[in-house]
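**Q** My structure file run_27.txt, compact mmCIF, N, CA and C atoms, is below:
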```txt
# COMPACT_ATOMS: atom_id res chain seq x y z
N MET A 1 33.19 1.68 -141.68
CA MET A 1 31.88 1.19 -141.32
C MET A 1 31.57 -0.13 -142.01
N SER A 2 32.24 -0.41 -143.11
CA SER A 2 31.99 -1.68 -143.79
C SER A 2 32.42 -2.86 -142.94
N GLY A 3 33.40 -2.67 -142.04
CA GLY A 3 33.81 -3.74 -141.13
C GLY A 3 32.69 -4.12 -140.20
N GLY A 4 31.90 -3.13 -139.74
CA GLY A 4 30.77 -3.42 -138.86
C GLY A 4 29.69 -4.20 -139.56
N ALA A 5 29.44 -3.87 -140.82
CA ALA A 5 28.43 -4.58 -141.58
C ALA A 5 28.83 -6.03 -141.80
N LYS A 6 30.12 -6.23 -142.07
CA LYS A 6 30.60 -7.59 -142.28
C LYS A 6 30.50 -8.40 -140.99
N LYS A 7 30.73 -7.76 -139.86
CA LYS A 7 30.69 -8.44 -138.57
C LYS A 7 29.28 -8.97 -138.27
N ASN A 8 28.26 -8.30 -138.77
CA ASN A 8 26.88 -8.69 -138.52
C ASN A 8 26.41 -9.83 -139.42
N GLN A 9 27.18 -10.18 -140.47
CA GLN A 9 26.79 -11.27 -141.35
C GLN A 9 26.97 -12.59 -140.63
N ALA A 10 25.98 -13.45 -140.76
CA ALA A 10 26.02 -14.74 -140.09
C ALA A 10 27.04 -15.66 -140.75
N THR A 11 27.83 -16.34 -139.93
CA THR A 11 28.77 -17.33 -140.44
C THR A 11 28.00 -18.51 -141.00
N PHE A 12 26.93 -18.90 -140.32
CA PHE A 12 26.09 -19.99 -140.76
C PHE A 12 24.69 -19.45 -140.97
N PRO A 13 24.37 -18.99 -142.19
CA PRO A 13 23.04 -18.43 -142.44
C PRO A 13 21.96 -19.50 -142.28
N ILE A 14 20.77 -19.05 -141.96
CA ILE A 14 19.65 -19.96 -141.79
C ILE A 14 19.23 -20.49 -143.16
N PRO A 15 19.26 -21.82 -143.34
CA PRO A 15 18.90 -22.37 -144.65
C PRO A 15 17.40 -22.30 -144.89
N SER A 16 17.02 -22.25 -146.15
CA SER A 16 15.60 -22.19 -146.49
C SER A 16 14.96 -23.57 -146.55
N SER A 17 15.78 -24.62 -146.59
CA SER A 17 15.25 -25.98 -146.59
C SER A 17 16.25 -26.92 -145.92
N LEU A 18 15.78 -28.08 -145.50
CA LEU A 18 16.68 -29.06 -144.89
C LEU A 18 17.77 -29.50 -145.86
N GLN A 19 17.44 -29.62 -147.14
CA GLN A 19 18.42 -30.07 -148.11
C GLN A 19 19.61 -29.13 -148.23
N GLU A 20 19.41 -27.85 -147.94
CA GLU A 20 20.52 -26.89 -147.99
C GLU A 20 21.58 -27.20 -146.94
N LEU A 21 21.21 -27.94 -145.90
CA LEU A 21 22.17 -28.31 -144.87
C LEU A 21 23.17 -29.34 -145.38
N GLU A 22 22.93 -29.89 -146.57
CA GLU A 22 23.83 -30.87 -147.16
C GLU A 22 24.87 -30.22 -148.06
N SER A 23 24.95 -28.88 -148.04
CA SER A 23 25.97 -28.17 -148.79
C SER A 23 26.70 -27.20 -147.86
N ALA A 24 27.72 -26.53 -148.37
CA ALA A 24 28.52 -25.60 -147.56
C ALA A 24 27.62 -24.51 -146.99
N PRO A 25 27.85 -24.03 -145.79
CA PRO A 25 28.97 -24.34 -144.89
C PRO A 25 28.69 -25.50 -143.95
N TYR A 26 27.53 -26.15 -144.06
CA TYR A 26 27.14 -27.18 -143.10
C TYR A 26 27.68 -28.56 -143.45
N ASN A 27 27.49 -28.97 -144.70
CA ASN A 27 28.01 -30.24 -145.23
C ASN A 27 27.55 -31.47 -144.45
N LEU A 28 26.28 -31.48 -144.05
CA LEU A 28 25.73 -32.67 -143.40
C LEU A 28 25.36 -33.70 -144.47
N GLN A 29 25.21 -34.94 -144.06
CA GLN A 29 24.84 -36.03 -144.96
C GLN A 29 23.43 -36.49 -144.59
N PRO A 30 22.70 -37.10 -145.53
CA PRO A 30 21.38 -37.62 -145.17
C PRO A 30 21.46 -38.63 -144.02
N TYR A 31 22.52 -39.42 -144.02
CA TYR A 31 22.74 -40.43 -142.97
C TYR A 31 24.20 -40.35 -142.53
N PRO A 32 24.47 -40.68 -141.25
CA PRO A 32 25.86 -40.79 -140.83
C PRO A 32 26.56 -41.91 -141.61
N HIS A 33 27.88 -41.85 -141.68
CA HIS A 33 28.62 -42.83 -142.48
C HIS A 33 28.43 -44.26 -141.98
N ASP A 34 28.16 -44.47 -140.69
CA ASP A 34 28.01 -45.82 -140.16
C ASP A 34 26.54 -46.26 -140.02
N PHE A 35 25.64 -45.55 -140.68
CA PHE A 35 24.21 -45.87 -140.62
C PHE A 35 23.95 -47.14 -141.42
N ASP A 36 23.28 -48.10 -140.81
CA ASP A 36 23.01 -49.38 -141.45
C ASP A 36 21.53 -49.46 -141.80
N ASP A 37 21.23 -49.53 -143.09
CA ASP A 37 19.83 -49.68 -143.48
C ASP A 37 19.65 -50.83 -144.47
N ASP A 38 20.37 -51.93 -144.19
CA ASP A 38 20.25 -53.12 -145.03
C ASP A 38 18.85 -53.70 -145.00
N ASP A 39 18.22 -53.61 -143.83
CA ASP A 39 16.84 -54.09 -143.69
C ASP A 39 16.16 -53.25 -142.61
N GLU A 40 14.89 -53.49 -142.39
CA GLU A 40 14.12 -52.68 -141.43
C GLU A 40 14.66 -52.78 -140.01
N ALA A 41 15.10 -53.97 -139.61
CA ALA A 41 15.63 -54.14 -138.25
C ALA A 41 16.93 -53.36 -138.07
N ALA A 42 17.80 -53.43 -139.06
CA ALA A 42 19.07 -52.69 -138.99
C ALA A 42 18.81 -51.19 -138.99
N ARG A 43 17.87 -50.76 -139.80
CA ARG A 43 17.52 -49.34 -139.88
C ARG A 43 16.96 -48.86 -138.53
N ALA A 44 16.09 -49.65 -137.92
CA ALA A 44 15.51 -49.28 -136.62
C ALA A 44 16.61 -49.20 -135.57
N GLU A 45 17.54 -50.13 -135.59
CA GLU A 45 18.65 -50.12 -134.64
C GLU A 45 19.54 -48.88 -134.86
N SER A 46 19.77 -48.51 -136.11
CA SER A 46 20.58 -47.32 -136.40
C SER A 46 19.89 -46.06 -135.89
N PHE A 47 18.57 -45.96 -136.08
CA PHE A 47 17.84 -44.81 -135.55
C PHE A 47 17.92 -44.78 -134.02
N SER A 48 17.83 -45.94 -133.39
CA SER A 48 17.92 -46.01 -131.92
C SER A 48 19.29 -45.53 -131.44
N LYS A 49 20.34 -45.89 -132.16
CA LYS A 49 21.68 -45.43 -131.78
C LYS A 49 21.79 -43.91 -131.88
N LEU A 50 21.14 -43.33 -132.89
CA LEU A 50 21.16 -41.87 -133.03
C LEU A 50 20.42 -41.21 -131.86
N ILE A 51 19.31 -41.79 -131.45
CA ILE A 51 18.57 -41.28 -130.29
C ILE A 51 19.45 -41.35 -129.05
N GLN A 52 20.14 -42.47 -128.85
CA GLN A 52 21.02 -42.63 -127.69
C GLN A 52 22.14 -41.58 -127.70
N LEU A 53 22.64 -41.27 -128.87
CA LEU A 53 23.68 -40.24 -128.97
C LEU A 53 23.15 -38.88 -128.52
N LEU A 54 21.92 -38.55 -128.92
CA LEU A 54 21.32 -37.29 -128.50
C LEU A 54 21.03 -37.30 -127.00
N GLU A 55 20.62 -38.44 -126.46
CA GLU A 55 20.40 -38.54 -125.01
C GLU A 55 21.70 -38.30 -124.26
N GLY A 56 22.80 -38.82 -124.79
CA GLY A 56 24.11 -38.57 -124.19
C GLY A 56 24.46 -37.09 -124.21
N GLY A 57 24.08 -36.42 -125.29
CA GLY A 57 24.29 -34.97 -125.36
C GLY A 57 23.51 -34.23 -124.30
N ASN A 58 22.30 -34.70 -124.03
CA ASN A 58 21.49 -34.07 -122.98
C ASN A 58 22.13 -34.26 -121.60
N ARG A 59 22.70 -35.45 -121.37
CA ARG A 59 23.40 -35.67 -120.09
C ARG A 59 24.59 -34.73 -119.97
N THR A 60 25.31 -34.53 -121.06
CA THR A 60 26.44 -33.60 -121.06
C THR A 60 25.95 -32.19 -120.76
N LEU A 61 24.83 -31.81 -121.35
CA LEU A 61 24.27 -30.48 -121.11
C LEU A 61 23.88 -30.31 -119.65
N ARG A 62 23.22 -31.32 -119.07
CA ARG A 62 22.83 -31.23 -117.66
C ARG A 62 24.04 -31.12 -116.74
N SER A 63 25.09 -31.87 -117.03
CA SER A 63 26.25 -31.85 -116.13
C SER A 63 27.13 -30.62 -116.36
N GLY A 64 27.20 -30.13 -117.59
CA GLY A 64 28.07 -28.99 -117.90
C GLY A 64 27.40 -27.65 -117.79
N GLY A 65 26.08 -27.62 -117.95
CA GLY A 65 25.34 -26.37 -117.87
C GLY A 65 25.86 -25.31 -118.82
N ILE A 66 25.74 -24.08 -118.38
CA ILE A 66 26.12 -22.94 -119.22
C ILE A 66 27.62 -22.93 -119.48
N GLY A 67 28.39 -23.62 -118.65
CA GLY A 67 29.83 -23.69 -118.84
C GLY A 67 30.22 -24.28 -120.19
N LEU A 68 29.35 -25.08 -120.77
CA LEU A 68 29.64 -25.63 -122.10
C LEU A 68 29.70 -24.54 -123.15
N PHE A 69 29.11 -23.40 -122.88
CA PHE A 69 29.04 -22.33 -123.86
C PHE A 69 29.95 -21.16 -123.51
N THR A 70 30.52 -21.16 -122.30
CA THR A 70 31.31 -20.02 -121.87
C THR A 70 32.78 -20.35 -121.65
N VAL A 71 33.19 -21.56 -121.97
CA VAL A 71 34.58 -21.95 -121.76
C VAL A 71 35.47 -21.11 -122.67
N GLU A 72 36.49 -20.53 -122.08
CA GLU A 72 37.42 -19.70 -122.84
C GLU A 72 38.82 -20.29 -122.77
N ASN A 73 39.56 -20.12 -123.84
CA ASN A 73 40.95 -20.54 -123.91
C ASN A 73 41.15 -22.01 -123.59
N VAL A 74 40.31 -22.86 -124.11
CA VAL A 74 40.42 -24.30 -123.89
C VAL A 74 41.02 -24.93 -125.12
N ASP A 75 42.02 -25.78 -124.92
CA ASP A 75 42.63 -26.52 -126.01
C ASP A 75 41.81 -27.79 -126.22
N GLU A 76 41.02 -27.84 -127.29
CA GLU A 76 40.13 -28.98 -127.53
C GLU A 76 40.92 -30.27 -127.80
N ASP A 77 42.18 -30.17 -128.18
CA ASP A 77 42.97 -31.36 -128.45
C ASP A 77 43.39 -32.08 -127.18
N GLU A 78 43.28 -31.43 -126.03
CA GLU A 78 43.70 -32.05 -124.78
C GLU A 78 42.74 -33.12 -124.31
N GLY A 79 41.51 -33.12 -124.79
CA GLY A 79 40.57 -34.18 -124.46
C GLY A 79 39.83 -33.97 -123.15
N ASP A 80 40.07 -32.90 -122.42
CA ASP A 80 39.38 -32.68 -121.14
C ASP A 80 38.17 -31.77 -121.32
N PHE A 81 37.74 -31.59 -122.52
CA PHE A 81 36.66 -30.67 -122.83
C PHE A 81 35.59 -31.43 -123.60
N ASP A 82 34.39 -31.53 -123.05
CA ASP A 82 33.30 -32.24 -123.70
C ASP A 82 32.42 -31.23 -124.43
N VAL A 83 32.33 -31.37 -125.72
CA VAL A 83 31.54 -30.47 -126.54
C VAL A 83 30.11 -30.99 -126.56
N TRP A 84 29.16 -30.12 -126.25
CA TRP A 84 27.77 -30.55 -126.21
C TRP A 84 27.25 -30.87 -127.60
N ASN A 85 27.41 -29.98 -128.53
CA ASN A 85 26.89 -30.19 -129.88
C ASN A 85 28.02 -30.40 -130.86
N ASP A 86 28.70 -31.52 -130.76
CA ASP A 86 29.77 -31.82 -131.70
C ASP A 86 29.17 -32.25 -133.04
N ALA A 87 30.01 -32.45 -134.02
CA ALA A 87 29.55 -32.78 -135.37
C ALA A 87 28.73 -34.06 -135.41
N GLU A 88 29.11 -35.04 -134.60
CA GLU A 88 28.39 -36.31 -134.58
C GLU A 88 26.96 -36.13 -134.07
N ARG A 89 26.79 -35.32 -133.05
CA ARG A 89 25.44 -35.07 -132.52
C ARG A 89 24.60 -34.25 -133.49
N ILE A 90 25.22 -33.28 -134.12
CA ILE A 90 24.49 -32.47 -135.11
C ILE A 90 24.05 -33.36 -136.27
N GLN A 91 24.92 -34.25 -136.75
CA GLN A 91 24.56 -35.16 -137.83
C GLN A 91 23.41 -36.07 -137.41
N ALA A 92 23.45 -36.59 -136.19
CA ALA A 92 22.38 -37.45 -135.69
C ALA A 92 21.05 -36.70 -135.65
N LEU A 93 21.08 -35.50 -135.12
CA LEU A 93 19.87 -34.68 -135.05
C LEU A 93 19.32 -34.41 -136.44
N TYR A 94 20.18 -34.04 -137.36
CA TYR A 94 19.75 -33.76 -138.72
C TYR A 94 19.09 -34.98 -139.36
N THR A 95 19.73 -36.14 -139.23
CA THR A 95 19.18 -37.35 -139.82
C THR A 95 17.81 -37.68 -139.22
N LEU A 96 17.70 -37.60 -137.91
CA LEU A 96 16.44 -37.93 -137.26
C LEU A 96 15.32 -36.97 -137.64
N VAL A 97 15.62 -35.69 -137.72
CA VAL A 97 14.59 -34.71 -138.10
C VAL A 97 14.23 -34.88 -139.57
N ARG A 98 15.22 -35.03 -140.41
CA ARG A 98 14.96 -35.16 -141.85
C ARG A 98 14.18 -36.43 -142.17
N LYS A 99 14.45 -37.49 -141.45
CA LYS A 99 13.80 -38.78 -141.72
C LYS A 99 12.67 -39.08 -140.73
N SER A 100 12.19 -38.08 -140.03
CA SER A 100 11.19 -38.31 -138.99
C SER A 100 9.92 -38.96 -139.51
N ASP A 101 9.56 -38.72 -140.76
CA ASP A 101 8.36 -39.34 -141.32
C ASP A 101 8.48 -40.85 -141.43
N SER A 102 9.72 -41.35 -141.53
CA SER A 102 9.90 -42.80 -141.67
C SER A 102 10.25 -43.48 -140.34
N LEU A 103 10.23 -42.73 -139.24
CA LEU A 103 10.50 -43.33 -137.93
C LEU A 103 9.28 -44.07 -137.42
N ALA A 104 9.53 -45.15 -136.69
CA ALA A 104 8.44 -45.85 -136.02
C ALA A 104 7.85 -44.91 -134.96
N PRO A 105 6.57 -45.05 -134.65
CA PRO A 105 5.96 -44.14 -133.67
C PRO A 105 6.71 -44.06 -132.35
N ALA A 106 7.19 -45.18 -131.84
CA ALA A 106 7.91 -45.16 -130.56
C ALA A 106 9.23 -44.39 -130.69
N THR A 107 9.91 -44.55 -131.81
CA THR A 107 11.17 -43.83 -132.03
C THR A 107 10.91 -42.34 -132.20
N ARG A 108 9.84 -42.01 -132.91
CA ARG A 108 9.47 -40.60 -133.07
C ARG A 108 9.14 -39.98 -131.71
N ALA A 109 8.46 -40.72 -130.86
CA ALA A 109 8.14 -40.22 -129.52
C ALA A 109 9.43 -39.99 -128.71
N LYS A 110 10.39 -40.90 -128.85
CA LYS A 110 11.68 -40.71 -128.16
C LYS A 110 12.40 -39.47 -128.69
N LEU A 111 12.33 -39.24 -130.00
CA LEU A 111 12.96 -38.06 -130.59
C LEU A 111 12.34 -36.79 -130.01
N VAL A 112 11.02 -36.74 -129.96
CA VAL A 112 10.34 -35.57 -129.40
C VAL A 112 10.75 -35.37 -127.95
N LYS A 113 10.81 -36.45 -127.19
CA LYS A 113 11.20 -36.37 -125.78
C LYS A 113 12.63 -35.85 -125.64
N VAL A 114 13.55 -36.37 -126.44
CA VAL A 114 14.95 -35.94 -126.32
C VAL A 114 15.10 -34.47 -126.73
N LEU A 115 14.32 -34.02 -127.71
CA LEU A 115 14.37 -32.61 -128.11
C LEU A 115 13.80 -31.71 -127.01
N CYS A 116 12.69 -32.15 -126.40
CA CYS A 116 12.11 -31.38 -125.29
C CYS A 116 13.07 -31.32 -124.11
N ASN A 117 13.74 -32.43 -123.83
CA ASN A 117 14.71 -32.45 -122.74
C ASN A 117 15.89 -31.51 -123.02
N ALA A 118 16.30 -31.43 -124.29
CA ALA A 118 17.39 -30.52 -124.65
C ALA A 118 16.97 -29.07 -124.42
N VAL A 119 15.76 -28.72 -124.85
CA VAL A 119 15.26 -27.36 -124.64
C VAL A 119 15.16 -27.07 -123.14
N HIS A 120 14.66 -28.02 -122.38
CA HIS A 120 14.55 -27.86 -120.94
C HIS A 120 15.94 -27.67 -120.31
N GLY A 121 16.90 -28.47 -120.74
CA GLY A 121 18.27 -28.34 -120.24
C GLY A 121 18.88 -27.00 -120.56
N LEU A 122 18.64 -26.52 -121.77
CA LEU A 122 19.15 -25.19 -122.14
C LEU A 122 18.50 -24.10 -121.29
N CYS A 123 17.20 -24.22 -121.05
CA CYS A 123 16.50 -23.24 -120.21
C CYS A 123 17.06 -23.25 -118.80
N GLU A 124 17.27 -24.44 -118.24
CA GLU A 124 17.83 -24.53 -116.89
C GLU A 124 19.23 -23.91 -116.83
N ALA A 125 20.04 -24.17 -117.84
CA ALA A 125 21.39 -23.61 -117.87
C ALA A 125 21.35 -22.09 -117.92
N LEU A 126 20.47 -21.55 -118.75
CA LEU A 126 20.35 -20.09 -118.84
C LEU A 126 19.79 -19.49 -117.56
N GLU A 127 18.81 -20.18 -116.97
CA GLU A 127 18.21 -19.70 -115.73
C GLU A 127 19.24 -19.69 -114.59
N SER A 128 20.00 -20.76 -114.46
CA SER A 128 20.99 -20.81 -113.39
C SER A 128 22.10 -19.81 -113.65
N SER A 129 22.42 -19.56 -114.89
CA SER A 129 23.44 -18.56 -115.22
C SER A 129 22.99 -17.17 -114.83
N SER A 130 21.74 -16.83 -115.12
CA SER A 130 21.25 -15.50 -114.79
C SER A 130 21.07 -15.31 -113.29
N SER A 131 20.71 -16.39 -112.58
CA SER A 131 20.56 -16.25 -111.12
C SER A 131 21.92 -16.16 -110.44
N CYS A 132 22.96 -16.80 -111.00
CA CYS A 132 24.31 -16.68 -110.46
C CYS A 132 24.84 -15.27 -110.69
N GLY A 133 24.55 -14.70 -111.83
CA GLY A 133 25.03 -13.36 -112.15
C GLY A 133 24.30 -12.29 -111.39
N ALA A 134 23.06 -12.55 -110.93
CA ALA A 134 22.27 -11.55 -110.24
C ALA A 134 22.85 -11.24 -108.86
N GLY A 135 23.47 -12.23 -108.23
CA GLY A 135 24.01 -12.02 -106.90
C GLY A 135 25.38 -11.36 -106.92
N ALA A 136 26.03 -11.28 -108.07
CA ALA A 136 27.38 -10.72 -108.14
C ALA A 136 27.40 -9.23 -108.09
```
Transcribe the structure of this file into structure tokens.
**A**
Amino acid sequence: MSGGAKKNQATFPIPSSLQELESAPYNLQPYPHDFDDDDEAARAESFSKLIQLLEGGNRTLRSGGIGLFTVENVDEDEGDFDVWNDAERIQALYTLVRKSDSLAPATRAKLVKVLCNAVHGLCEALESSSSCGAGA
């Protein structure tokens, strides 16, 4: 029975603070390695690039739907598999959420929009998955 208890333990436990995401098992950084904050203009451009990365993730979600989560036996090294939430997107999301207080209002509005679009995309994927399964 101890095997069952171990199976229920989360691989990635829910952290109690954002800073805990900067240690194992997550190991995120406050900023991506290529983040430029030499001055305000460079910092704003870096935040915009992170937003664009998340928007690209939403496009992947819309085109891949629930299939992004149900792919089985795929060799990720072959390059024909697009991961919706890869490490780069997770790092971008973390940086934008953690630094949201220092974002310009327009950038913060874009962040909220991209997050809402992601939730909407996930809902659509789940809805289409359940309606496809209902007819089977």
**Q** Residues at most 8 Å from stretch 120-122 of chain A, counting all atoms listed in the file, excluding those fewer than 4 positions away in the same chain, as a PyMOL selection string?
**A** chain A and resi 58+61-62+65-66+114-116+126-128
**Q** Go ahead and dump the residues you just picked, N, CA and C atoms, as a compact mmCIF listing (two decimals), in the frame of the given file.
**A**
```
# COMPACT_ATOMS: atom_id res chain seq x y z
N ASN A 58 22.30 -34.70 -124.03
CA ASN A 58 21.49 -34.07 -122.98
C ASN A 58 22.13 -34.26 -121.60
N LEU A 61 24.83 -31.81 -121.35
CA LEU A 61 24.27 -30.48 -121.11
C LEU A 61 23.88 -30.31 -119.65
N ARG A 62 23.22 -31.32 -119.07
CA ARG A 62 22.83 -31.23 -117.66
C ARG A 62 24.04 -31.12 -116.74
N GLY A 65 26.08 -27.62 -117.95
CA GLY A 65 25.34 -26.37 -117.87
C GLY A 65 25.86 -25.31 -118.82
N ILE A 66 25.74 -24.08 -118.38
CA ILE A 66 26.12 -22.94 -119.22
C ILE A 66 27.62 -22.93 -119.48
N VAL A 114 13.55 -36.37 -126.44
CA VAL A 114 14.95 -35.94 -126.32
C VAL A 114 15.10 -34.47 -126.73
N LEU A 115 14.32 -34.02 -127.71
CA LEU A 115 14.37 -32.61 -128.11
C LEU A 115 13.80 -31.71 -127.01
N CYS A 116 12.69 -32.15 -126.40
CA CYS A 116 12.11 -31.38 -125.29
C CYS A 116 13.07 -31.32 -124.11
N LEU A 126 20.47 -21.55 -118.75
CA LEU A 126 20.35 -20.09 -118.84
C LEU A 126 19.79 -19.49 -117.56
N GLU A 127 18.81 -20.18 -116.97
CA GLU A 127 18.21 -19.70 -115.73
C GLU A 127 19.24 -19.69 -114.59
N SER A 128 20.00 -20.76 -114.46
CA SER A 128 20.99 -20.81 -113.39
C SER A 128 22.10 -19.81 -113.65
```
**Q** Quick one: distance from atom C of A:Trp84 to atom CA of A:Arg108 in Å, one decimal?
**A**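 Answer for the atom C of A:Trp84 to atom CA of A:Arg108 separation: 21.0 Å.
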**Q** With all atoms listed in the file as the basis for distance, which of A:Pro15, A:Asp38, A:Pro32, A:Gly64 is at the shortest distance from A:Ala125?
**A**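 The closest residue to A:Ala125 is A:Gly64.
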**Q** One number please: atom CA of A:Leu93 to atom CA of A:Gln52, in Å, one decimal.
**A**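 So the two atoms, atom CA of A:Leu93 and atom CA of A:Gln52, lie 10.9 Å apart.
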**Q** Using Å and a single decimal, report how far atom C of A:His33 sits from atom C of A:Glu20.
**A**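 Separating atom C of A:Glu20 from atom C of A:His33 is a distance of 19.0 Å.
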**Q** Need the shell around A:Thr95: protein/DNA/RNA residues with any atom at most 7 Å away, counting only N, CA and C atoms. Skip same-chain ones fewer than 6 positions apart. Format as a list in words?
**A**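 Neighbouring residues, sequence-local ones excluded: Gln29, Pro30, Tyr31 and Pro32 of chain A.
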**Q** Taking the partial coordinates given, rebuild stretch 98-106 of chain A to contain all heavy atoms; return it as a short mmCIF file (atom, residue, chain, number, x, y, z; two decimals), in the coordinates of the input.
**A**
```
data_model
loop_
_atom_site.label_atom_id
_atom_site.label_comp_id
_atom_site.auth_asym_id
_atom_site.auth_seq_id
_atom_site.Cartn_x
_atom_site.Cartn_y
_atom_site.Cartn_z
N ARG A 98 15.22 -35.03 -140.41
CA ARG A 98 14.96 -35.16 -141.85
C ARG A 98 14.18 -36.43 -142.17
O ARG A 98 13.33 -36.45 -143.06
CB ARG A 98 16.27 -35.15 -142.64
CG ARG A 98 16.04 -35.09 -144.13
CD ARG A 98 17.28 -34.60 -144.83
NE ARG A 98 17.02 -34.29 -146.21
CZ ARG A 98 17.28 -35.14 -147.21
NH1 ARG A 98 17.79 -36.32 -146.97
NH2 ARG A 98 17.02 -34.80 -148.45
N LYS A 99 14.45 -37.49 -141.45
CA LYS A 99 13.80 -38.78 -141.72
C LYS A 99 12.67 -39.08 -140.73
O LYS A 99 12.22 -40.22 -140.62
CB LYS A 99 14.84 -39.90 -141.66
CG LYS A 99 16.00 -39.72 -142.61
CD LYS A 99 15.55 -39.70 -144.05
CE LYS A 99 16.73 -39.51 -144.98
NZ LYS A 99 16.34 -39.46 -146.38
N SER A 100 12.19 -38.08 -140.03
CA SER A 100 11.19 -38.31 -138.99
C SER A 100 9.92 -38.96 -139.51
O SER A 100 9.26 -39.72 -138.79
CB SER A 100 10.86 -37.01 -138.25
OG SER A 100 10.28 -36.08 -139.14
N ASP A 101 9.56 -38.72 -140.76
CA ASP A 101 8.36 -39.34 -141.32
C ASP A 101 8.48 -40.85 -141.43
O ASP A 101 7.48 -41.56 -141.43
CB ASP A 101 8.03 -38.76 -142.71
CG ASP A 101 7.50 -37.35 -142.63
OD1 ASP A 101 7.08 -36.93 -141.54
OD2 ASP A 101 7.51 -36.67 -143.67
N SER A 102 9.72 -41.35 -141.53
CA SER A 102 9.90 -42.80 -141.67
C SER A 102 10.25 -43.48 -140.34
O SER A 102 10.51 -44.68 -140.32
CB SER A 102 10.98 -43.10 -142.72
OG SER A 102 12.22 -42.61 -142.31
N LEU A 103 10.23 -42.73 -139.24
CA LEU A 103 10.50 -43.33 -137.93
C LEU A 103 9.28 -44.07 -137.42
O LEU A 103 8.14 -43.66 -137.66
CB LEU A 103 10.88 -42.25 -136.91
CG LEU A 103 12.15 -41.44 -137.18
CD1 LEU A 103 12.31 -40.37 -136.11
CD2 LEU A 103 13.36 -42.34 -137.23
N ALA A 104 9.53 -45.15 -136.69
CA ALA A 104 8.44 -45.85 -136.02
C ALA A 104 7.85 -44.91 -134.96
O ALA A 104 8.56 -44.04 -134.45
CB ALA A 104 8.98 -47.12 -135.36
N PRO A 105 6.57 -45.05 -134.65
CA PRO A 105 5.96 -44.14 -133.67
C PRO A 105 6.71 -44.06 -132.35
O PRO A 105 6.86 -42.98 -131.78
CB PRO A 105 4.54 -44.72 -133.50
CG PRO A 105 4.26 -45.40 -134.80
CD PRO A 105 5.59 -45.97 -135.24
N ALA A 106 7.19 -45.18 -131.84
CA ALA A 106 7.91 -45.16 -130.56
C ALA A 106 9.23 -44.39 -130.69
O ALA A 106 9.61 -43.64 -129.79
CB ALA A 106 8.19 -46.59 -130.09
#
```
